[in-house]
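Raw upload-v8.tsv, TSV, C-alpha atoms (C1' of nucleotides):
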```tsv
chain	number	residue	atom	x	y	z
A	59	MET	CA	19.73	-258.38	82.77
A	60	GLY	CA	17.11	-259.03	85.40
A	61	ASN	CA	13.92	-260.91	85.94
A	62	ASN	CA	11.74	-258.71	83.83
A	63	ASN	CA	13.78	-259.41	80.76
A	64	LEU	CA	13.50	-263.13	81.30
A	65	CYS	CA	9.80	-262.70	81.85
A	66	SER	CA	9.11	-260.78	78.66
A	67	THR	CA	11.29	-263.14	76.66
A	68	HIS	CA	9.34	-266.05	78.02
A	69	ILE	CA	6.01	-264.46	77.09
A	70	LEU	CA	7.15	-263.78	73.54
A	71	ARG	CA	8.47	-267.32	73.17
A	72	GLN	CA	5.23	-268.72	74.51
A	73	ALA	CA	3.28	-266.63	72.00
A	74	LYS	CA	5.53	-268.05	69.27
A	75	ILE	CA	6.60	-264.68	67.94
A	76	SER	CA	10.09	-263.32	67.39
A	77	ASN	CA	11.92	-262.11	70.44
A	78	THR	CA	13.25	-258.73	69.31
A	79	LYS	CA	14.74	-255.82	71.24
A	80	VAL	CA	11.83	-253.53	70.41
A	81	ARG	CA	9.19	-256.05	71.42
A	82	LYS	CA	10.94	-256.72	74.69
A	83	SER	CA	11.14	-253.00	75.46
A	84	ILE	CA	7.46	-252.43	74.71
A	85	LEU	CA	6.32	-255.48	76.60
A	86	GLU	CA	8.46	-254.64	79.62
A	87	PHE	CA	7.12	-251.10	79.65
A	88	LEU	CA	3.55	-252.39	79.55
A	89	MET	CA	4.23	-254.97	82.24
A	90	LYS	CA	5.83	-252.49	84.59
A	91	ASN	CA	3.23	-249.77	84.19
A	92	HIS	CA	-0.47	-249.75	84.92
A	93	GLY	CA	-3.20	-248.43	82.76
A	94	PRO	CA	-3.85	-248.45	79.05
A	95	PHE	CA	-1.41	-246.42	76.92
A	96	SER	CA	-1.73	-244.88	73.48
A	97	ILE	CA	0.72	-245.73	70.70
A	98	ASP	CA	2.22	-242.27	71.14
A	99	GLU	CA	2.74	-242.75	74.86
A	100	ILE	CA	4.42	-246.09	74.27
A	101	HIS	CA	6.54	-244.66	71.48
A	102	GLU	CA	7.75	-241.82	73.69
A	103	LYS	CA	9.00	-244.31	76.27
A	104	ILE	CA	10.53	-246.68	73.72
A	105	SER	CA	12.39	-243.85	72.07
A	106	THR	CA	14.69	-246.16	70.14
A	107	CYS	CA	12.26	-247.22	67.44
A	108	ASP	CA	9.92	-245.86	64.83
A	109	SER	CA	6.25	-245.35	65.68
A	110	THR	CA	5.27	-247.62	62.81
A	111	THR	CA	7.08	-250.40	64.59
A	112	VAL	CA	5.12	-249.71	67.75
A	113	TYR	CA	1.90	-249.98	65.76
A	114	ARG	CA	3.01	-253.28	64.29
A	115	CYS	CA	4.24	-254.74	67.57
A	116	ILE	CA	1.09	-253.80	69.42
A	117	LYS	CA	-1.04	-255.25	66.65
A	118	LYS	CA	0.87	-258.49	66.95
A	119	PHE	CA	0.56	-258.43	70.74
A	120	GLU	CA	-3.17	-257.88	70.42
A	121	LYS	CA	-3.50	-260.83	68.09
A	122	CYS	CA	-1.55	-263.00	70.53
A	123	LYS	CA	-3.73	-261.72	73.39
A	124	ILE	CA	-0.73	-260.26	75.19
A	125	VAL	CA	-2.39	-256.85	75.25
A	126	GLU	CA	-5.97	-255.67	75.08
A	127	ARG	CA	-7.30	-252.63	73.32
A	128	CYS	CA	-9.41	-250.07	75.17
A	129	ASP	CA	-11.60	-247.49	73.49
A	130	PHE	CA	-12.68	-244.35	75.29
A	131	GLY	CA	-14.44	-242.76	72.35
A	132	ASP	CA	-11.78	-240.15	71.60
A	133	ASN	CA	-10.49	-241.92	68.49
A	134	ILE	CA	-7.28	-242.92	70.21
A	135	SER	CA	-6.76	-246.62	70.85
A	136	ARG	CA	-5.07	-247.47	74.10
A	137	TYR	CA	-3.47	-250.77	75.01
A	138	GLU	CA	-2.95	-252.55	78.28
A	139	TYR	CA	-0.98	-255.60	79.30
A	140	LYS	CA	-3.48	-258.38	79.78
A	141	CYS	CA	-2.89	-259.25	83.41
A	142	SER	CA	-4.81	-261.84	85.34
A	143	GLU	CA	-7.62	-260.00	87.05
A	144	HIS	CA	-10.66	-258.81	85.16
A	145	HIS	CA	-11.21	-255.08	85.51
A	146	HIS	CA	-12.49	-251.97	83.80
A	147	HIS	CA	-11.45	-248.33	83.60
A	148	ILE	CA	-12.70	-244.87	84.31
A	149	MET	CA	-11.52	-241.87	82.32
A	150	CYS	CA	-12.03	-238.32	83.53
A	151	ARG	CA	-14.12	-236.50	80.94
A	152	ASN	CA	-12.11	-233.36	81.67
A	153	CYS	CA	-8.43	-234.32	81.95
A	154	ASN	CA	-8.50	-237.84	80.41
A	155	ARG	CA	-6.82	-239.37	83.43
A	156	ILE	CA	-7.52	-243.11	83.49
A	157	ASP	CA	-8.04	-245.11	86.68
A	158	THR	CA	-8.66	-248.80	87.28
A	159	VAL	CA	-12.06	-250.16	88.36
A	160	LYS	CA	-11.98	-253.56	90.02
A	161	TYR	CA	-15.71	-254.16	90.58
A	162	CYS	CA	-18.04	-255.66	88.04
A	163	PHE	CA	-21.74	-254.96	88.06
A	164	VAL	CA	-22.56	-251.84	86.19
A	165	LYS	CA	-24.89	-249.93	88.53
A	166	GLU	CA	-23.03	-251.13	91.63
A	167	MET	CA	-19.81	-250.05	90.02
A	168	GLU	CA	-21.09	-246.60	89.29
A	169	LYS	CA	-22.07	-246.22	92.95
A	170	VAL	CA	-18.60	-247.24	94.07
A	171	LEU	CA	-17.04	-244.76	91.68
A	172	ILE	CA	-19.23	-241.97	93.04
A	173	GLN	CA	-18.19	-242.95	96.57
A	174	GLN	CA	-14.59	-242.76	95.36
A	175	GLY	CA	-15.19	-239.11	94.48
A	176	TYR	CA	-15.98	-239.17	90.79
A	177	LYS	CA	-18.91	-237.07	89.60
A	178	GLU	CA	-21.20	-237.28	86.58
A	179	VAL	CA	-20.39	-240.94	86.19
A	180	SER	CA	-21.58	-242.74	83.08
A	181	HIS	CA	-20.43	-245.76	81.15
A	182	LYS	CA	-20.19	-247.30	77.71
A	183	LEU	CA	-20.78	-251.00	77.32
A	184	GLU	CA	-20.63	-252.81	74.02
A	185	PHE	CA	-20.79	-256.52	73.34
A	186	PHE	CA	-19.07	-258.55	70.68
A	187	GLY	CA	-19.77	-262.03	69.43
A	188	ILE	CA	-20.32	-264.18	66.37
A	189	CYS	CA	-23.91	-263.94	65.10
A	190	GLN	CA	-25.90	-266.91	63.86
A	191	ASP	CA	-25.68	-265.92	60.19
A	192	CYS	CA	-21.89	-266.01	60.43
A	193	GLN	CA	-21.96	-269.31	62.30
A	194	ASN	CA	-24.04	-270.84	59.50
A	195	SER	CA	-22.24	-269.41	56.50
A	196	ASN	CA	-18.54	-270.11	56.84
A	197	THR	CA	-17.33	-266.72	55.66
A	198	ASN	CA	-14.83	-265.47	58.15
A	199	SER	CA	-13.40	-262.01	57.62
A	200	GLU	CA	-10.52	-262.40	60.09
A	201	ASN	CA	-7.02	-262.65	58.64
B	245	MET	CA	-45.67	-233.26	55.60
B	246	GLY	CA	-46.54	-235.79	58.27
B	247	ASN	CA	-46.11	-236.41	61.94
B	248	ASN	CA	-42.42	-237.25	61.78
B	249	ASN	CA	-41.61	-233.89	60.35
B	250	LEU	CA	-43.47	-232.12	63.15
B	251	CYS	CA	-41.72	-234.35	65.59
B	252	SER	CA	-38.18	-233.64	64.39
B	253	THR	CA	-38.93	-229.93	64.16
B	254	HIS	CA	-40.18	-229.99	67.72
B	255	ILE	CA	-37.06	-231.74	68.94
B	256	LEU	CA	-34.78	-229.23	67.22
B	257	ARG	CA	-36.78	-226.32	68.62
B	258	GLN	CA	-36.64	-227.83	72.08
B	259	ALA	CA	-32.87	-228.20	71.78
B	260	LYS	CA	-32.72	-224.53	70.78
B	261	ILE	CA	-30.82	-225.16	67.56
B	262	SER	CA	-31.67	-224.06	64.03
B	263	ASN	CA	-34.32	-226.04	62.25
B	264	THR	CA	-32.71	-226.70	58.88
B	265	LYS	CA	-33.61	-229.07	56.06
B	266	VAL	CA	-30.46	-231.13	56.51
B	267	ARG	CA	-30.90	-231.46	60.25
B	268	LYS	CA	-34.50	-232.53	59.84
B	269	SER	CA	-33.52	-235.17	57.27
B	270	ILE	CA	-30.78	-236.59	59.47
B	271	LEU	CA	-32.90	-236.56	62.59
B	272	GLU	CA	-35.85	-238.19	60.82
B	273	PHE	CA	-33.59	-240.88	59.41
B	274	LEU	CA	-32.20	-241.61	62.86
B	275	MET	CA	-35.65	-241.60	64.43
B	276	LYS	CA	-37.12	-243.99	61.87
B	277	ASN	CA	-34.26	-246.46	61.88
B	278	HIS	CA	-32.83	-248.57	64.66
B	279	GLY	CA	-29.24	-249.07	65.51
B	280	PRO	CA	-26.21	-246.81	65.53
B	281	PHE	CA	-25.05	-245.53	62.12
B	282	SER	CA	-21.71	-244.24	60.91
B	283	ILE	CA	-21.38	-240.78	59.35
B	284	ASP	CA	-20.95	-242.47	55.98
B	285	GLU	CA	-24.13	-244.49	56.38
B	286	ILE	CA	-26.08	-241.37	57.33
B	287	HIS	CA	-24.53	-239.40	54.50
B	288	GLU	CA	-25.52	-242.07	51.96
B	289	LYS	CA	-29.15	-241.78	53.07
B	290	ILE	CA	-29.16	-237.99	53.24
B	291	SER	CA	-27.70	-237.72	49.77
B	292	THR	CA	-28.53	-234.03	49.42
B	293	CYS	CA	-25.76	-232.64	51.60
B	294	ASP	CA	-22.02	-232.69	52.05
B	295	SER	CA	-20.48	-235.19	54.47
B	296	THR	CA	-18.88	-232.32	56.37
B	297	THR	CA	-22.35	-231.10	57.16
B	298	VAL	CA	-23.32	-234.51	58.50
B	299	TYR	CA	-20.28	-234.41	60.78
B	300	ARG	CA	-21.26	-230.97	62.03
B	301	CYS	CA	-24.93	-231.78	62.51
B	302	ILE	CA	-24.20	-234.97	64.39
B	303	LYS	CA	-21.70	-233.18	66.58
B	304	LYS	CA	-24.36	-230.63	67.41
B	305	PHE	CA	-26.91	-233.38	68.07
B	306	GLU	CA	-24.46	-235.12	70.35
B	307	LYS	CA	-23.88	-231.94	72.32
B	308	CYS	CA	-27.66	-231.44	72.66
B	309	LYS	CA	-28.01	-235.10	73.73
B	310	ILE	CA	-30.25	-235.87	70.77
B	311	VAL	CA	-27.92	-238.66	69.68
B	312	GLU	CA	-25.37	-240.81	71.46
B	313	ARG	CA	-22.06	-241.98	70.15
B	314	CYS	CA	-21.14	-245.66	70.19
B	315	ASP	CA	-17.62	-247.04	69.82
B	316	PHE	CA	-17.00	-250.57	68.75
B	317	GLY	CA	-13.24	-250.30	68.57
B	318	ASP	CA	-12.96	-250.17	64.79
B	319	ASN	CA	-12.15	-246.46	64.66
B	320	ILE	CA	-15.55	-245.61	63.22
B	321	SER	CA	-17.91	-243.63	65.41
B	322	ARG	CA	-21.55	-244.59	65.16
B	323	TYR	CA	-24.50	-242.54	66.33
B	324	GLU	CA	-27.93	-243.49	67.55
B	325	TYR	CA	-31.06	-241.51	68.28
B	326	LYS	CA	-31.29	-241.30	72.05
B	327	CYS	CA	-34.64	-242.94	72.64
B	328	SER	CA	-36.18	-243.52	76.02
B	329	GLU	CA	-35.13	-247.00	77.03
B	330	HIS	CA	-31.62	-247.74	78.23
B	331	HIS	CA	-29.97	-250.45	76.17
B	332	HIS	CA	-26.67	-251.70	74.79
B	333	HIS	CA	-25.48	-253.29	71.55
B	334	ILE	CA	-23.83	-256.37	70.22
B	335	MET	CA	-21.69	-256.29	67.11
B	336	CYS	CA	-20.76	-259.46	65.26
B	337	ARG	CA	-16.96	-259.72	65.20
B	338	ASN	CA	-17.19	-261.22	61.74
B	339	CYS	CA	-19.76	-259.22	59.72
B	340	ASN	CA	-20.12	-256.12	61.95
B	341	ARG	CA	-23.89	-256.50	62.14
B	342	ILE	CA	-25.20	-254.61	65.17
B	343	ASP	CA	-28.13	-255.80	67.29
B	344	THR	CA	-29.83	-254.28	70.31
B	345	VAL	CA	-29.41	-255.66	73.83
B	346	LYS	CA	-32.16	-254.72	76.27
B	347	TYR	CA	-30.84	-256.35	79.46
B	348	CYS	CA	-28.42	-254.77	81.87
B	349	PHE	CA	-26.17	-256.80	84.11
B	350	VAL	CA	-23.00	-257.78	82.38
B	351	LYS	CA	-22.64	-261.49	83.09
B	352	GLU	CA	-26.41	-262.07	82.92
B	353	MET	CA	-26.48	-260.22	79.65
B	354	GLU	CA	-23.77	-262.36	78.17
B	355	LYS	CA	-25.75	-265.46	79.12
B	356	VAL	CA	-28.86	-264.10	77.40
B	357	LEU	CA	-26.86	-263.30	74.29
B	358	ILE	CA	-25.48	-266.83	74.19
B	359	GLN	CA	-29.02	-268.19	74.55
B	360	GLN	CA	-29.97	-265.94	71.65
B	361	GLY	CA	-27.44	-267.77	69.50
B	362	TYR	CA	-24.34	-265.60	69.65
B	363	LYS	CA	-21.01	-267.30	70.19
B	364	GLU	CA	-17.68	-266.13	71.60
B	365	VAL	CA	-19.41	-263.32	73.44
B	366	SER	CA	-17.30	-260.66	75.12
B	367	HIS	CA	-17.82	-257.07	76.09
B	368	LYS	CA	-16.12	-253.72	76.50
B	369	LEU	CA	-17.12	-251.52	79.38
B	370	GLU	CA	-15.59	-248.13	80.07
B	371	PHE	CA	-16.61	-245.54	82.60
B	372	PHE	CA	-16.49	-241.78	82.36
B	373	GLY	CA	-16.71	-239.15	85.07
B	374	ILE	CA	-15.12	-236.06	86.51
B	375	CYS	CA	-12.19	-236.88	88.80
B	376	GLN	CA	-11.52	-235.14	92.10
B	377	ASP	CA	-8.55	-233.17	90.77
B	378	CYS	CA	-10.78	-231.65	88.12
B	379	GLN	CA	-13.54	-230.95	90.62
B	380	ASN	CA	-11.08	-229.04	92.79
B	381	SER	CA	-9.25	-227.09	90.13
B	382	ASN	CA	-11.78	-225.32	87.97
B	383	THR	CA	-10.10	-226.01	84.63
B	384	ASN	CA	-12.69	-227.38	82.30
B	385	SER	CA	-11.55	-228.51	78.87
B	386	GLU	CA	-15.06	-228.66	77.40
B	387	ASN	CA	-16.03	-225.99	74.91
C	54	DC	C1'	28.42	-272.76	64.36
C	55	DG	C1'	27.06	-270.50	60.08
C	56	DA	C1'	24.45	-269.94	55.90
C	57	DA	C1'	19.69	-269.66	54.12
C	58	DA	C1'	15.00	-268.51	55.15
C	59	DA	C1'	11.76	-265.97	57.67
C	60	DA	C1'	10.43	-262.20	60.20
C	61	DA	C1'	10.90	-257.50	61.85
C	62	DT	C1'	12.26	-252.74	61.24
C	63	DG	C1'	12.83	-247.88	59.37
C	64	DC	C1'	11.45	-244.66	56.33
C	65	DA	C1'	8.46	-242.66	53.01
C	66	DA	C1'	4.14	-242.56	51.14
C	67	DT	C1'	-0.69	-243.46	51.52
C	68	DT	C1'	-5.32	-244.03	53.47
C	69	DT	C1'	-9.17	-242.41	55.88
C	70	DA	C1'	-12.01	-240.43	59.71
C	71	DA	C1'	-12.54	-236.11	61.32
C	72	DT	C1'	-11.70	-231.03	61.56
C	73	DT	C1'	-11.04	-226.25	60.03
C	74	DG	C1'	-11.24	-221.89	57.15
C	75	DC	C1'	-13.79	-219.15	54.42
C	76	DA	C1'	-17.12	-217.52	51.09
C	77	DT	C1'	-22.00	-218.20	50.30
C	78	DT	C1'	-26.64	-219.45	51.58
C	79	DT	C1'	-30.24	-220.24	54.86
C	80	DT	C1'	-32.50	-219.41	59.15
C	81	DT	C1'	-33.63	-216.64	63.01
C	82	DT	C1'	-34.37	-212.35	65.29
C	83	DA	C1'	-36.72	-208.27	66.25
D	114	DT	C1'	-38.54	-207.51	55.93
D	115	DA	C1'	-33.89	-206.09	56.80
D	116	DA	C1'	-29.97	-207.13	59.82
D	117	DA	C1'	-27.72	-210.54	62.53
D	118	DA	C1'	-26.66	-215.16	63.47
D	119	DA	C1'	-26.12	-219.71	62.18
D	120	DA	C1'	-25.51	-223.38	58.84
D	121	DT	C1'	-23.68	-225.17	54.56
D	122	DG	C1'	-20.49	-226.51	50.65
D	123	DC	C1'	-16.13	-226.95	49.09
D	124	DA	C1'	-11.27	-227.19	49.50
D	125	DA	C1'	-7.60	-227.90	52.36
D	126	DT	C1'	-5.72	-229.78	56.53
D	127	DT	C1'	-4.92	-232.82	60.56
D	128	DA	C1'	-3.80	-236.99	62.70
D	129	DA	C1'	-4.27	-242.02	63.62
D	130	DA	C1'	-3.33	-245.96	61.35
D	131	DT	C1'	-1.73	-248.76	57.33
D	132	DT	C1'	1.12	-250.25	53.44
D	133	DG	C1'	5.25	-250.95	50.29
D	134	DC	C1'	9.78	-251.80	49.97
D	135	DA	C1'	14.68	-251.96	50.89
D	136	DT	C1'	17.53	-253.19	54.80
D	137	DT	C1'	18.50	-255.37	59.15
D	138	DT	C1'	17.68	-258.73	62.69
D	139	DT	C1'	16.13	-263.11	64.27
D	140	DT	C1'	15.19	-267.86	63.65
D	141	DT	C1'	15.79	-272.25	61.54
D	142	DC	C1'	18.23	-276.21	60.42
D	143	DG	C1'	22.00	-278.75	58.18
```
Now that the file is in, can you turn its structure into structure tokens?
Amino acid sequence: MGNNNLCSTHILRQAKISNTKVRKSILEFLMKNHGPFSIDEIHEKISTCDSTTVYRCIKKFEKCKIVERCDFGDNISRYEYKCSEHHHHIMCRNCNRIDTVKYCFVKEMEKVLIQQGYKEVSHKLEFFGICQDCQNSNTNSEN
Amino acid sequence: MGNNNLCSTHILRQAKISNTKVRKSILEFLMKNHGPFSIDEIHEKISTCDSTTVYRCIKKFEKCKIVERCDFGDNISRYEYKCSEHHHHIMCRNCNRIDTVKYCFVKEMEKVLIQQGYKEVSHKLEFFGICQDCQNSNTNSEN
DNA sequence: CGAAAAAATGCAATTTAATTGCATTTTTTA
DNA sequence: TAAAAAATGCAATTAAATTGCATTTTTTCG
């Protein structure tokens, strides 16, 4: 088996999680292919395992920061291999096609997207952090 | 009944949708209170109607651009009255408290949030538009 | 290496946000 | 004010995601 196998194995080892056949398949699929994928899309490619297992693997990957979740507001979570360069996405409101956006200042980015041929461009931006109340009280709801 | 009632009635009329008791209650609640709310939260306040009706009203409001949907990646849609000034949100990763963010350049904004006392600040930014394929073919999946 | 411990998997069942169908009620039209 | 159109309540359904548990695979460590 080739380089990719070694690579995925290495990543799993480094994350200190079990190096199973299913995890390797999922990780290799995500590493070889661009763009965020839904659980269903991943499951279709990794046809050898149950979809529950995909859910569990991806959840583990997310916790280990191997993948990142993207939300496009259609109640379907999509996941992407967390590669080096910071980027965003654009989804067509009509066909749901997802493209990569490499620029990073909101208004500027929208202009570039319009130049690229997209129309009716808008964006969703949400922030996450730990608020002061939570910093003071030590209650932490993460498991 | 006071000014708020007139106001919500006017908005519904302007949107050319029926001016019902339930819709007025929901709209007035959203107009009086800041921050995006889940269907459950709205339903608890508008205790006189079925939750299905809240879903349907909010969907209608969204279509008429009276409210805007926010996604924080927890599989719960939240809705906010679409007031004049452009802004974003920050949700505490621990307690899910949601605050308003009035600034608008990503990295700058993160700095301001950190100055405001938030820690471990990150953001999610997704774009939406109509891609060239969809502009060319006239298939439109919206109903 | 090989047995014990730990972790992952498959399958079935469950949870929960959201949607749909349909009879009834309310609102709008004219 | 009567007819038409739209909204509502309730029950049932859909679909993404989660959980429990028996079985299998992987890891640990003597």
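Within 10 Å of chain B, and counting all atoms listed in the file, chain D contributes D:DA119, D:DA120, D:DT121, D:DG122, D:DC123, D:DA129, D:DA130.
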Residue list for chain C near chain A as a PyMOL selection string, 12 Å, only C-alpha atoms (C1' of nucleotides): chain C and resi 59-65+70-71
Would you mind listing, for every residue of chain B within 10 Å of chain A, the two atoms forming the shortest contact and the distance between them in Å to one decimal, using only C-alpha atoms, sorted by chain and ascending residue number, as a tab-separated table?
```
residue	atom	partner	partner_atom	distance
B:Arg313	CA	A:Gly131	CA	8.0
B:Cys314	CA	A:Gly131	CA	7.6
B:Asp315	CA	A:Gly131	CA	5.9
B:Phe316	CA	A:Glu184	CA	6.8
B:Gly317	CA	A:Asp129	CA	5.9
B:Asp318	CA	A:Asp129	CA	9.2
B:Asn319	CA	A:Asn133	CA	6.2
B:Ile320	CA	A:Asn133	CA	8.2
B:Ser321	CA	A:Gly131	CA	7.8
B:His331	CA	A:Leu183	CA	9.3
B:His332	CA	A:Glu184	CA	6.2
B:His333	CA	A:Glu184	CA	5.5
B:Ile334	CA	A:Phe185	CA	4.4
B:Met335	CA	A:Phe186	CA	5.0
B:Cys336	CA	A:Ile188	CA	4.9
B:Arg337	CA	A:Gly187	CA	5.6
B:Asn338	CA	A:Ser199	CA	5.7
B:Cys339	CA	A:Cys192	CA	7.2
B:Asn340	CA	A:Phe186	CA	9.1
B:Arg341	CA	A:Cys189	CA	8.0
B:Ile342	CA	A:Phe186	CA	9.1
B:Asp343	CA	A:Cys189	CA	9.4
B:Thr344	CA	A:Phe185	CA	9.8
B:Val345	CA	A:Phe185	CA	8.7
B:Cys348	CA	A:Val164	CA	7.8
B:Phe349	CA	A:Phe163	CA	6.2
B:Val350	CA	A:Phe163	CA	6.5
B:Lys351	CA	A:Phe163	CA	8.3
B:Glu352	CA	A:Phe163	CA	9.9
B:Met353	CA	A:Phe185	CA	9.3
B:Glu354	CA	A:Phe185	CA	8.1
B:Leu357	CA	A:Gly187	CA	8.7
B:Ile358	CA	A:Gly187	CA	8.8
B:Gln360	CA	A:Gln190	CA	8.8
B:Gly361	CA	A:Gln190	CA	5.9
B:Tyr362	CA	A:Cys189	CA	4.9
B:Lys363	CA	A:Ile188	CA	5.0
B:Glu364	CA	A:Gly187	CA	5.1
B:Val365	CA	A:Gly187	CA	4.2
B:Ser366	CA	A:Phe186	CA	5.2
B:His367	CA	A:Phe185	CA	4.1
B:Lys368	CA	A:Glu184	CA	5.2
B:Leu369	CA	A:Leu183	CA	4.2
B:Glu370	CA	A:Lys182	CA	5.2
B:Phe371	CA	A:His181	CA	4.1
B:Phe372	CA	A:Met149	CA	5.0
B:Gly373	CA	A:Val179	CA	4.2
B:Ile374	CA	A:Cys150	CA	4.9
B:Cys375	CA	A:Tyr176	CA	4.9
B:Gln376	CA	A:Gly175	CA	5.9
B:Asp377	CA	A:Cys153	CA	8.9
B:Cys378	CA	A:Asn152	CA	6.8
B:Gln379	CA	A:Lys177	CA	8.2
B:Thr383	CA	A:Asn152	CA	8.2
B:Asn384	CA	A:Asn152	CA	6.0
B:Ser385	CA	A:Asn152	CA	5.6
B:Glu386	CA	A:Asn152	CA	7.0
```
Would you kindly return, as number ranges by chain, each protein, DNA or RNA residue with an atom no farther than 9 Å from any atom of A:Leu88, considering all atoms listed in the file and excluding same-chain residues fewer than 4 positions away? A: 83-84, 92-95, 100, 125, 137-139
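Candidate residues C:DA56, C:DT67, C:DA83, C:DT73 were compared for distance to D:DT127, and the nearest is C:DT73, using only C-alpha atoms (C1' of nucleotides).
Considering the residues D:DT131, D:DT114, D:DT141, D:DT126 and counting all atoms listed in the file, C:DA66 has its shortest atom-to-atom contact with D:DT131.
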Could you work out an axis-aligned bounding box for all listed atoms of stretch 87-91 of chain A, with 6 Å added on each of the six sides, and give its centre and edge lengths in Å to one decimal, as AutoDock Vina command-line options?
```
--center_x 5.2 --center_y -252.4 --center_z 82.1 --size_x 15.9 --size_y 17.2 --size_z 17.0
```
Computed interatomic separation between atom C1' of D:DA116 and atom C1' of C:DT81 (Å):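 Pair atom C1' of D:DA116 / atom C1' of C:DT81 returns 10.7 Å.
In this structure, atom C1' of C:DG74 sits 19.8 Å away from atom CA of B:Ile302.
Picture a line from atom CA of A:Glu86 to atom CA of A:Cys65; it runs 8.5 Å.
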Contacts of B:Cys308 at 10 Å (all atoms listed in the file; same-chain gap of 3+ positions) as a ChimeraX atom specification: /B:256,258-261,302-305,311-312
